[in-house]
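Q: Quick one: the structure is below, questions incoming.
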Amino acid sequence: MTIIVIIGVLFFIWLAFANPIRGDIGEGTVARRLKSLPYNKYIVFNDVMIKTPRASVQIDHIVVSQYGIFVIETKNMSGFISGTEYAENWVKTQNGRKYEFFNPIRQNQSHINALRYKLDLPESKFISIIAFSTRGRLLFRELPRSVIYIPHVVGKIKCYRDIKLSVARVNDIAQQIQKIKKYKQVSNRQHVIDVASAVANKNKKIKSGICPSCGNKLVLRHGQYGDFYGCANYPKCKYTTHK
């Protein structure tokens, strides 16, 4: 009986911590791959927490170079992954079940916005990369440019060859990010609270028929895959969510 109880306890512990552990494994895999980048051209930072006036964000990886600032979001997910570039949520299908998760393109854009706020740099200096594990299969008619598999991360970064920043500016930015990491501005617990608060606020706006991206009204639209709500300010705002 004692053994059965122990197994049961271990099972529930696994359920509680499996997702964070899988996420850490994915981030660790990307971090190891990023070490292969030439150190004299690329400066790598892993697990950077940033606090802004609105909320806090946790960035998996940042690579600073003359070719731009690469902001990388890692998704260590299995199953079939589907969605669209501007949708509110994407869908993971596994074992006949569907699970929704926040569109990682939007998620990483919030990371870039937070980093822009801290570094005071224009959007053009940043490159977004969303790296999925090969355990999952990406089902898209046209895969967004920023979405790739983890083994392709280094190759993707090296594809960018246009100079966007001077060597001096790269070093200055790296020093700023290093300070952010050294003087951690927010705890992991506070970050979880901030994220929960942001999600609750967004859901409240959606239920009230307000676009959480720009504040305009949400209107019912009809698409080839069914009805959905979209921002009345389209095409300036391309926010959409399921009916």
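Residue numbering restarts at 1 for every chain of the structure tokens, chains are lettered A, B, ... in their displayed order, and ligands are numbered from 1 as they appear.
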Env of Lys182 in chain A: 12 Å cut, atoms = only C-alpha atoms, seq-sep filter 4 positions within chain, self excluded. Answer as a VMD selection string.
A: chain A and resid 45 47 to 50 175 to 178 186
Q: Mind the document's chain letters and residue numbers, and return as a ChimeraX atom specification the residues of range 28-224 of chain A that DSSP labels helix (DSSP H, G or I).
A: /A:28-34,104-119,123-125,150-158,167-182,188-207
Q: Show which residues sit within 9 Å of Gln94 in chain A, as an MDAnalysis selection string. Count only C-alpha atoms, and ignore same-chain residues fewer than 4 positions away.
A: chainID A and resid 78:80 98:99
Q: Keeping only N, CA and C atoms, write those residues as a tab-separated table (two decimals), in the first residue's frame.
A:
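Okay, part08.tsv is ready:
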chain	number	residue	atom	x	y	z
A	78	SER	N	4.96	18.90	-27.99
A	78	SER	CA	4.72	17.77	-28.89
A	78	SER	C	3.32	17.90	-29.49
A	79	GLY	N	2.95	16.97	-30.35
A	79	GLY	CA	1.63	17.03	-30.97
A	79	GLY	C	1.63	17.84	-32.25
A	80	PHE	N	0.43	18.10	-32.76
A	80	PHE	CA	0.26	18.87	-33.99
A	80	PHE	C	-0.09	20.32	-33.61
A	98	LYS	N	-7.61	18.69	-28.01
A	98	LYS	CA	-7.11	19.99	-28.45
A	98	LYS	C	-6.89	20.91	-27.25
A	99	TYR	N	-5.75	21.60	-27.27
A	99	TYR	CA	-5.39	22.54	-26.21
A	99	TYR	C	-5.02	23.88	-26.85
Q: Please, which residues of range 93-134 of chain A, numbered as in this document, come out strand (DSSP E) from DSSP, as a tab-separated table (two decimals) with N, CA and C atoms, in the first residue's frame?
A:
chain	number	residue	atom	x	y	z
A	93	THR	N	-2.87	19.75	-30.92
A	93	THR	CA	-3.71	18.56	-30.95
A	93	THR	C	-2.85	17.34	-30.65
A	94	GLN	N	-3.24	16.61	-29.62
A	94	GLN	CA	-2.46	15.45	-29.22
A	94	GLN	C	-3.40	14.40	-28.61
A	97	ARG	N	-7.07	15.17	-28.43
A	97	ARG	CA	-7.50	16.31	-27.63
A	97	ARG	C	-6.86	17.60	-28.14
A	98	LYS	N	-7.61	18.69	-28.01
A	98	LYS	CA	-7.11	19.99	-28.45
A	98	LYS	C	-6.89	20.91	-27.25
A	99	TYR	N	-5.75	21.60	-27.27
A	99	TYR	CA	-5.39	22.54	-26.21
A	99	TYR	C	-5.02	23.88	-26.85
A	100	GLU	N	-5.60	24.95	-26.38
A	100	GLU	CA	-5.26	26.27	-26.89
A	100	GLU	C	-4.11	26.87	-26.09
A	101	PHE	N	-3.25	27.62	-26.75
A	101	PHE	CA	-2.20	28.37	-26.06
A	101	PHE	C	-1.99	29.69	-26.79
A	102	PHE	N	-1.50	30.67	-26.07
A	102	PHE	CA	-1.35	32.01	-26.61
A	102	PHE	C	-0.42	32.01	-27.81
A	126	PHE	N	15.21	44.72	-34.20
A	126	PHE	CA	14.91	43.44	-33.56
A	126	PHE	C	14.44	42.40	-34.57
A	127	ILE	N	14.80	41.15	-34.31
A	127	ILE	CA	14.34	40.02	-35.12
A	127	ILE	C	13.70	39.00	-34.19
A	128	SER	N	12.47	38.65	-34.46
A	128	SER	CA	11.75	37.67	-33.64
A	128	SER	C	11.94	36.26	-34.18
A	129	ILE	N	12.22	35.31	-33.27
A	129	ILE	CA	12.33	33.91	-33.64
A	129	ILE	C	11.55	33.07	-32.62
A	130	ILE	N	10.66	32.22	-33.12
A	130	ILE	CA	9.94	31.28	-32.27
A	130	ILE	C	10.41	29.89	-32.66
A	131	ALA	N	11.05	29.19	-31.73
A	131	ALA	CA	11.68	27.90	-32.02
A	131	ALA	C	10.90	26.76	-31.37
A	132	PHE	N	10.32	25.90	-32.19
A	132	PHE	CA	9.56	24.75	-31.70
A	132	PHE	C	10.42	23.49	-31.70
Q: Could you please determine the separation between CA of Ile210 in chain A and CA of Leu115 in chain A in Å, to one decimal place?
A: 26.5 Å
Q: Tell me which of A:Lys164, A:Arg141, A:Lys125, A:Arg106 sits closest to Asn89 in chain A, counting only C-alpha atoms.
A: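 Selected residue with least distance to Asn89 in chain A: A:Arg106.
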Q: Quick one: pull the distance between CA of Ile148 in chain A and CA of Ile69 in chain A, Å, one decimal.
A: 17.2 Å
